[in-house]
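Trainee: Pasting a structure below so you can have a look.
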Amino acid sequence: METQARLLSAILFDKHRQVEVALNRSVLAWKETERSRKGTSGISNSAETAHSHAIQVCEIVAVHKTKDDDSKETRKSQKKTKQHPQLYPHAFTVFYISRTRQHQWRCDDVTFHSANQGLCEQWIQVINEQLSLLTNRPKSLLVYINPYGGKRRGRRIYEQKVAPLFRRACILADVIVTERANHARDHLKTEANLDKYDGVVCVGGDGMFSEILHGLITRTQTDNKVDHNQPDAELVPCSLHIGIIPAGSTDCICFATVGTNDPVTSALHIIVGDSQPMDVCSVHHNDSFLRYSVSLLGYGFYGDILTDSEKKRWLGPARYDLSGVKTFLSHNYYEGRISFLPAKNNNGDPRDKLQCLSGCRICQHKPSSTDTQWEMSEEKEKSDKDGMGGWSVITGKFIAINAASMSCACPRSPQGLSPSAHLADGTTDLILVRKCSRLNFLRHLLRHTNKEDQFDHSFVEVHRVRKFRFQPRQHELVSLEDLSQSPKKTGFSPICSAQTTCNHSTSHSSWTCDGEILPNVAIQVSVQCQLIRLFARGIEEQQQKCVLEDPCTLSAPEQSTYQSVD
């Protein structure tokens with residue numbers, strides 16, 4: 001690696017230790033000096049490894065002149081030595097990201113002391129100059145808080161955990177506390193002056209995120225005169241990033257893109273300006289737009305659970321468990337025809353066990369407009385030959401039809417519905433669960449809670465697709481308004497029966513779209529590649545102690561190695 005030139009280096013004090021500190025454009029590094037180690041141990045050992053640290057400049061949150069109450073390290077060091085503040089009265093504090101367990105981040109700090117006020121001011125100035133070069137960092141945000149979601153903790157989470165971090169990073173935030181359902185969506189669609197902001201942040205659960213998603217995409221298409229009612233319309237990507245501060249009863253989007261449902265971690269991702277592209281599925285009925293989806297479209301089992309749970313909202317989150325048991329025991333199946341356009345080979349396979357992690361190579365390639373036009377012409381050419389344009393058709397009896405645009409991982413299902421689904425590859429994983437016995441379906445469900453392959457059943461198939469259509473058994477177009485009668489039940493059959501014992505429904509199920517029920521059953525779905533960007537970086541691989549080469553060569557003439565703070 002080519003050594004970068006130092007921007008600054010100095011001998012400073014960290015707590016009661018003398019440290020050598022150096023800065024270049026990528027790394028701030030410091031280590032205990034030989035003199036300090038001699039004074040501590042009374043002997044000098046050239047083979048001894050100094051306490052050394054390095055942090056990436058891009059993960060520095062802020063740097064400030066130290067006040068008496070600014071740093072916990074300052075208070076600790078003053079207790080250890082009373083002479084220290086008098087000898088080295090000037091100090092500056094660097095706030096930076098440290099990694100803890102299970103993908104959680106914290107804002108840690110280190111305070112450097114000096115007898116020279118000018119030296120401290122120089123360090124503050126130069127570090128701030130390097131931070132100003134990071135143009136991806138937001139300076140102004142529009143924040144929507146849902147005060148009713150989850151356990152009604154949204155406002156408290158923002159004020160106590162997030163707002164102080166934003167202020168420390170000098171981020172201006174305009175806060176709107178929503179007063180009704182779709183308040184944020186409607187405000188974004190028509191009223192918000194989006195030119196003032198670098199991003200939009202939602203404080204709430206998946207429902208609140210869906211409001212922001214729909215408002216921002218609709219506003220973008222309106223401003224660019226794109227008719228989103230056309231199923232084949234090429235939508236314009238949103239220019240503003242979306243940040244998610246988890247504070248709801250379900251926070252699956254946050255968990256699948258960050259790896260944890262922790263407000264502080266999400267706030268730090270926003271502060272450093274992380275950017276994670278994400279696909280969005282547009283759902284239509286004929287030439288009428290219905291909704292957008294980024295996580296799960298489900299028909300049959302999951303659609304029935306949501307429909308039943310809506311009648312039990314007074315139970316809170318427990319309603320999903322109760323409705324899940326009831327739906328499982330009912331064991332209905334539904335007949336229909338599903339047609340889909342398979343993805344290309346370079347998009348991987350739903351069973352290849354390649355997880356979509358931070359820096360995913362599959363998601364890094366976004367098809368250009370030329371590629372898209374070529375694919376459309378290729379589809380047309382195939383269509384002229386075989387009448388289907390490369391589409392596959394499956395007709396059958398299904399307990400569940402799911403389309404997962406991400407892993408859909410959550411604390412209860414760490415691997416998710418489709419562990420190898422990708423966030424930004426322009427595809428969705430279509431999972432078909434055919435009619436089977438209750439026991440076999442239970443086996444399939446249980447595999448969502450462990451690391452076994454949930455697709456390794458004869459009655460389950462999965463396809464990576466770019467588009468799909470569903471038509472229920474009856475060819476007439478069906479609306480939920482016409483489905484007033486619930487399926488007729490033939491009674492519960494033995495759960496351990498080895499035979500296929502499903503209740504056939506002469507009615508239809510309904511589609512759940514990211515937790516909302518769609519009004520139509522016959523739908524067509526298109527994946528819009530990388531339509532939005534989140535303030536996230538994808539799930540990082542399990543943190544190992546990251547060893548950074550010290551580009552500043554703190555200990556001349558031999559080059560040192562610095563270990564990042566965990």
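By order of appearance in the structure tokens: chains A, B, ..., then residues from 1 within every chain, and ligands from 1 in the order shown.
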Write out as a PyMOL selection string the residues lying within 9 Å of stretch 517-525 of chain A, counting only C-alpha atoms and excluding same-chain residues fewer than 5 positions away.
Mentor: chain A and resi 231+281-286+290-291+299+303+306-307+466-472+477-481+508-512
Trainee: Can those selected residues be exported to a file as a compact mmCIF listing (two decimals), in the first residue's frame so that it contains N, CA, C and O atoms?
Mentor:
```
# COMPACT_ATOMS: atom_id res chain seq x y z
N PRO A 231 -47.60 0.02 -15.85
CA PRO A 231 -46.78 -1.05 -15.26
C PRO A 231 -45.36 -1.12 -15.84
O PRO A 231 -44.44 -1.52 -15.13
N CYS A 281 -40.30 -2.88 -5.62
CA CYS A 281 -41.28 -3.52 -6.50
C CYS A 281 -42.49 -2.61 -6.67
O CYS A 281 -43.05 -2.14 -5.67
N SER A 282 -42.87 -2.37 -7.90
CA SER A 282 -44.11 -1.63 -8.16
C SER A 282 -45.21 -2.65 -8.44
O SER A 282 -45.03 -3.57 -9.25
N VAL A 283 -46.35 -2.50 -7.77
CA VAL A 283 -47.45 -3.46 -7.85
C VAL A 283 -48.63 -2.79 -8.53
O VAL A 283 -49.07 -1.71 -8.11
N HIS A 284 -49.15 -3.45 -9.60
CA HIS A 284 -50.26 -2.89 -10.36
C HIS A 284 -51.39 -3.91 -10.50
O HIS A 284 -51.16 -5.12 -10.43
N HIS A 285 -52.57 -3.37 -10.70
CA HIS A 285 -53.73 -4.16 -11.11
C HIS A 285 -54.23 -3.55 -12.41
O HIS A 285 -54.71 -2.41 -12.43
N ASN A 286 -54.07 -4.31 -13.50
CA ASN A 286 -54.31 -3.76 -14.84
C ASN A 286 -53.43 -2.51 -15.03
O ASN A 286 -52.23 -2.57 -14.82
N LEU A 290 -51.05 0.17 -7.43
CA LEU A 290 -51.55 -0.19 -6.11
C LEU A 290 -50.61 0.27 -5.01
O LEU A 290 -50.95 1.12 -4.21
N ARG A 291 -49.40 -0.30 -4.96
CA ARG A 291 -48.46 0.04 -3.91
C ARG A 291 -47.03 -0.28 -4.35
O ARG A 291 -46.82 -0.97 -5.35
N TYR A 299 -49.08 -13.96 -0.50
CA TYR A 299 -50.46 -14.39 -0.79
C TYR A 299 -50.67 -15.75 -0.14
O TYR A 299 -49.76 -16.57 -0.07
N GLY A 303 -50.88 -13.59 3.76
CA GLY A 303 -52.01 -12.71 3.51
C GLY A 303 -53.15 -12.98 4.47
O GLY A 303 -53.80 -12.05 4.97
N LEU A 306 -52.35 -11.59 8.03
CA LEU A 306 -52.53 -10.14 8.16
C LEU A 306 -54.01 -9.77 8.16
O LEU A 306 -54.46 -8.91 8.93
N THR A 307 -54.79 -10.42 7.27
CA THR A 307 -56.22 -10.13 7.22
C THR A 307 -56.89 -10.41 8.55
O THR A 307 -57.70 -9.62 9.05
N ARG A 466 -37.52 -11.04 -12.34
CA ARG A 466 -37.55 -9.58 -12.52
C ARG A 466 -38.97 -9.04 -12.54
O ARG A 466 -39.21 -7.89 -12.18
N LYS A 467 -39.90 -9.90 -12.99
CA LYS A 467 -41.32 -9.52 -13.03
C LYS A 467 -42.14 -10.77 -12.77
O LYS A 467 -41.70 -11.89 -13.03
N PHE A 468 -43.36 -10.57 -12.26
CA PHE A 468 -44.28 -11.71 -12.19
C PHE A 468 -45.72 -11.21 -12.17
O PHE A 468 -45.99 -10.04 -11.85
N ARG A 469 -46.62 -12.13 -12.54
CA ARG A 469 -48.06 -11.83 -12.54
C ARG A 469 -48.77 -12.98 -11.83
O ARG A 469 -48.34 -14.13 -11.90
N PHE A 470 -49.87 -12.64 -11.18
CA PHE A 470 -50.68 -13.68 -10.54
C PHE A 470 -52.13 -13.49 -10.93
O PHE A 470 -52.66 -12.37 -10.92
N GLN A 471 -52.77 -14.62 -11.26
CA GLN A 471 -54.19 -14.63 -11.58
C GLN A 471 -54.85 -15.74 -10.77
O GLN A 471 -54.41 -16.90 -10.82
N PRO A 472 -55.86 -15.42 -9.94
CA PRO A 472 -56.54 -16.49 -9.19
C PRO A 472 -57.28 -17.41 -10.15
O PRO A 472 -57.37 -17.14 -11.35
N LEU A 477 -61.61 -10.58 -12.89
CA LEU A 477 -60.80 -9.81 -11.96
C LEU A 477 -61.55 -9.66 -10.64
O LEU A 477 -62.72 -9.32 -10.61
N VAL A 478 -60.86 -9.95 -9.57
CA VAL A 478 -61.51 -10.00 -8.26
C VAL A 478 -61.02 -8.87 -7.39
O VAL A 478 -59.83 -8.58 -7.34
N SER A 479 -61.94 -8.22 -6.69
CA SER A 479 -61.59 -7.19 -5.72
C SER A 479 -62.01 -7.67 -4.34
O SER A 479 -62.99 -8.39 -4.20
N LEU A 480 -61.26 -7.27 -3.33
CA LEU A 480 -61.59 -7.72 -1.96
C LEU A 480 -62.95 -7.24 -1.50
O LEU A 480 -63.55 -7.81 -0.59
N GLU A 481 -63.46 -6.18 -2.12
CA GLU A 481 -64.78 -5.72 -1.72
C GLU A 481 -65.84 -6.78 -2.02
O GLU A 481 -66.90 -6.83 -1.41
N HIS A 508 -60.90 -16.43 -2.17
CA HIS A 508 -59.52 -16.07 -2.45
C HIS A 508 -58.86 -15.60 -1.17
O HIS A 508 -59.51 -15.18 -0.23
N SER A 509 -57.56 -15.66 -1.17
CA SER A 509 -56.79 -15.03 -0.11
C SER A 509 -56.61 -13.56 -0.49
O SER A 509 -57.29 -13.06 -1.40
N SER A 510 -55.75 -12.89 0.20
CA SER A 510 -55.42 -11.51 -0.16
C SER A 510 -53.92 -11.35 -0.11
O SER A 510 -53.21 -12.12 0.54
N TRP A 511 -53.42 -10.33 -0.79
CA TRP A 511 -51.98 -10.05 -0.81
C TRP A 511 -51.62 -9.09 0.32
O TRP A 511 -52.28 -8.08 0.53
N THR A 512 -50.58 -9.45 1.05
CA THR A 512 -49.99 -8.49 1.98
C THR A 512 -48.78 -7.87 1.31
O THR A 512 -47.93 -8.57 0.75
```
Trainee: Taking only stretch 65-169 of chain A into account, list the residues labelled helix (DSSP H, G or I) by DSSP (computed from the backbone), as a ChimeraX atom specification.
Mentor: /A:72-80,84-87,117-132,154-168
Trainee: Name the residues of stretch 128-322 of chain A that come out as strand (DSSP E or B) in a backbone DSSP run; write them as an MDAnalysis selection string.
Mentor: chainID A and resid 140:145 172:177 199:204 241:246 276:285 288:293 296:300
Trainee: Give me a file of those residues, with C-alpha atoms, as a PDB file, in the first residue's frame.
Mentor:
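Okay, this is what ended up in out.pdb:
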```pdb
ATOM      1  CA  SER A 140     -29.802  19.150   6.739  1.00  0.00           C
ATOM      2  CA  LEU A 141     -32.495  16.525   7.334  1.00  0.00           C
ATOM      3  CA  LEU A 142     -36.276  16.347   7.315  1.00  0.00           C
ATOM      4  CA  VAL A 143     -37.367  14.106  10.202  1.00  0.00           C
ATOM      5  CA  TYR A 144     -40.810  12.519  10.629  1.00  0.00           C
ATOM      6  CA  ILE A 145     -41.663  11.000  14.017  1.00  0.00           C
ATOM      7  CA  LEU A 172     -29.729  20.646  11.180  1.00  0.00           C
ATOM      8  CA  ALA A 173     -33.031  18.778  11.502  1.00  0.00           C
ATOM      9  CA  ASP A 174     -36.571  19.948  10.828  1.00  0.00           C
ATOM     10  CA  VAL A 175     -38.842  17.677  12.872  1.00  0.00           C
ATOM     11  CA  ILE A 176     -42.483  16.885  12.100  1.00  0.00           C
ATOM     12  CA  VAL A 177     -44.473  14.761  14.546  1.00  0.00           C
ATOM     13  CA  GLY A 199     -32.205  13.299   3.288  1.00  0.00           C
ATOM     14  CA  VAL A 200     -35.464  12.245   4.892  1.00  0.00           C
ATOM     15  CA  VAL A 201     -35.528  10.352   8.189  1.00  0.00           C
ATOM     16  CA  CYS A 202     -38.401   8.365   9.658  1.00  0.00           C
ATOM     17  CA  VAL A 203     -38.630   7.529  13.350  1.00  0.00           C
ATOM     18  CA  GLY A 204     -40.977   4.576  13.607  1.00  0.00           C
ATOM     19  CA  HIS A 241     -31.526   9.277   0.908  1.00  0.00           C
ATOM     20  CA  ILE A 242     -33.892   7.768   3.466  1.00  0.00           C
ATOM     21  CA  GLY A 243     -32.819   7.143   7.060  1.00  0.00           C
ATOM     22  CA  ILE A 244     -34.597   4.767   9.428  1.00  0.00           C
ATOM     23  CA  ILE A 245     -34.551   5.193  13.200  1.00  0.00           C
ATOM     24  CA  PRO A 246     -36.228   1.987  14.458  1.00  0.00           C
ATOM     25  CA  GLN A 276     -27.168   1.557   0.411  1.00  0.00           C
ATOM     26  CA  PRO A 277     -29.155   1.277  -2.856  1.00  0.00           C
ATOM     27  CA  MET A 278     -32.373  -0.692  -2.696  1.00  0.00           C
ATOM     28  CA  ASP A 279     -34.767  -2.206  -5.214  1.00  0.00           C
ATOM     29  CA  VAL A 280     -38.464  -1.387  -5.077  1.00  0.00           C
ATOM     30  CA  CYS A 281     -41.275  -3.520  -6.502  1.00  0.00           C
ATOM     31  CA  SER A 282     -44.111  -1.631  -8.158  1.00  0.00           C
ATOM     32  CA  VAL A 283     -47.445  -3.465  -7.855  1.00  0.00           C
ATOM     33  CA  HIS A 284     -50.257  -2.891 -10.360  1.00  0.00           C
ATOM     34  CA  HIS A 285     -53.728  -4.165 -11.115  1.00  0.00           C
ATOM     35  CA  SER A 288     -53.788   1.025 -12.011  1.00  0.00           C
ATOM     36  CA  PHE A 289     -50.960   1.469  -9.499  1.00  0.00           C
ATOM     37  CA  LEU A 290     -51.547  -0.191  -6.114  1.00  0.00           C
ATOM     38  CA  ARG A 291     -48.456   0.044  -3.905  1.00  0.00           C
ATOM     39  CA  TYR A 292     -44.683  -0.170  -3.683  1.00  0.00           C
ATOM     40  CA  SER A 293     -42.928  -2.985  -1.838  1.00  0.00           C
ATOM     41  CA  LEU A 296     -42.402  -9.004   1.278  1.00  0.00           C
ATOM     42  CA  LEU A 297     -45.375  -9.601  -0.973  1.00  0.00           C
ATOM     43  CA  GLY A 298     -47.329 -12.549   0.379  1.00  0.00           C
ATOM     44  CA  TYR A 299     -50.457 -14.387  -0.787  1.00  0.00           C
ATOM     45  CA  GLY A 300     -52.132 -17.269   1.013  1.00  0.00           C
TER      46      GLY A 300
END
```
Trainee: Please provide the set of residues having any atom within 7 Å of A:Gln18, restricted to only C-alpha atoms, with same-chain residues fewer than 3 positions apart removed, written as a VMD selection string.
Mentor: chain A and resid 11 to 14 32 to 33 36
Trainee: Based on the selection just made, write N, CA, C and O atoms of those residues as a short mmCIF file (atom, residue, chain, number, x, y, z; two decimals), in the first residue's frame.
Mentor:
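Done, and the output landed in result39.cif:
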```cif
data_model
loop_
_atom_site.label_atom_id
_atom_site.label_comp_id
_atom_site.auth_asym_id
_atom_site.auth_seq_id
_atom_site.Cartn_x
_atom_site.Cartn_y
_atom_site.Cartn_z
N ILE A 11 3.18 15.21 19.76
CA ILE A 11 3.18 14.50 21.04
C ILE A 11 2.13 15.17 21.93
O ILE A 11 2.23 16.36 22.23
N LEU A 12 1.11 14.40 22.32
CA LEU A 12 0.01 14.91 23.13
C LEU A 12 -0.19 13.97 24.32
O LEU A 12 0.53 12.99 24.48
N PHE A 13 -1.19 14.29 25.12
CA PHE A 13 -1.50 13.43 26.26
C PHE A 13 -2.92 12.90 26.13
O PHE A 13 -3.86 13.65 25.85
N ASP A 14 -3.04 11.58 26.32
CA ASP A 14 -4.34 10.92 26.37
C ASP A 14 -4.48 10.36 27.78
O ASP A 14 -3.74 9.46 28.18
N GLU A 32 1.03 4.97 22.52
CA GLU A 32 1.79 5.38 23.69
C GLU A 32 3.27 5.47 23.33
O GLU A 32 3.81 4.59 22.64
N THR A 33 3.94 6.53 23.78
CA THR A 33 5.35 6.71 23.45
C THR A 33 6.24 5.84 24.33
O THR A 33 5.84 5.36 25.38
N SER A 36 6.68 7.24 27.80
CA SER A 36 5.54 7.03 28.69
C SER A 36 5.55 5.61 29.24
O SER A 36 5.25 5.37 30.40
#
```
Trainee: Need the shell around A:Leu8: protein/DNA/RNA residues with any atom at most 8 Å away, counting only C-alpha atoms. Skip same-chain ones fewer than 4 positions apart. Format as a PyMOL selection string?
Mentor: chain A and resi 22-24+123
Trainee: Might you pull out every residue within 8 Å of A:His64, with only C-alpha atoms counted and same-chain residues fewer than 5 positions away left off, and present them as an NGL selection string?
Mentor: :A and (92-94 or 124)
Trainee: Let's have the selection written as a PDB file, in the first residue's frame, with C-alpha atoms.
Mentor:
```pdb
ATOM      1  CA  PHE A  92      -9.747  18.674  22.014  1.00  0.00           C
ATOM      2  CA  THR A  93     -12.085  15.683  21.816  1.00  0.00           C
ATOM      3  CA  VAL A  94     -12.558  13.404  18.806  1.00  0.00           C
ATOM      4  CA  ILE A 124      -9.417  20.837  15.300  1.00  0.00           C
TER       5      ILE A 124
END
```
Trainee: From the options A:His113, A:Lys451, A:Arg101, A:His183, which residue's atoms come nearest to A:Thr66, counting only C-alpha atoms?
Mentor: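 Going through A:His113, A:Lys451, A:Arg101, A:His183 one by one, the smallest distance to A:Thr66 is for A:His113.
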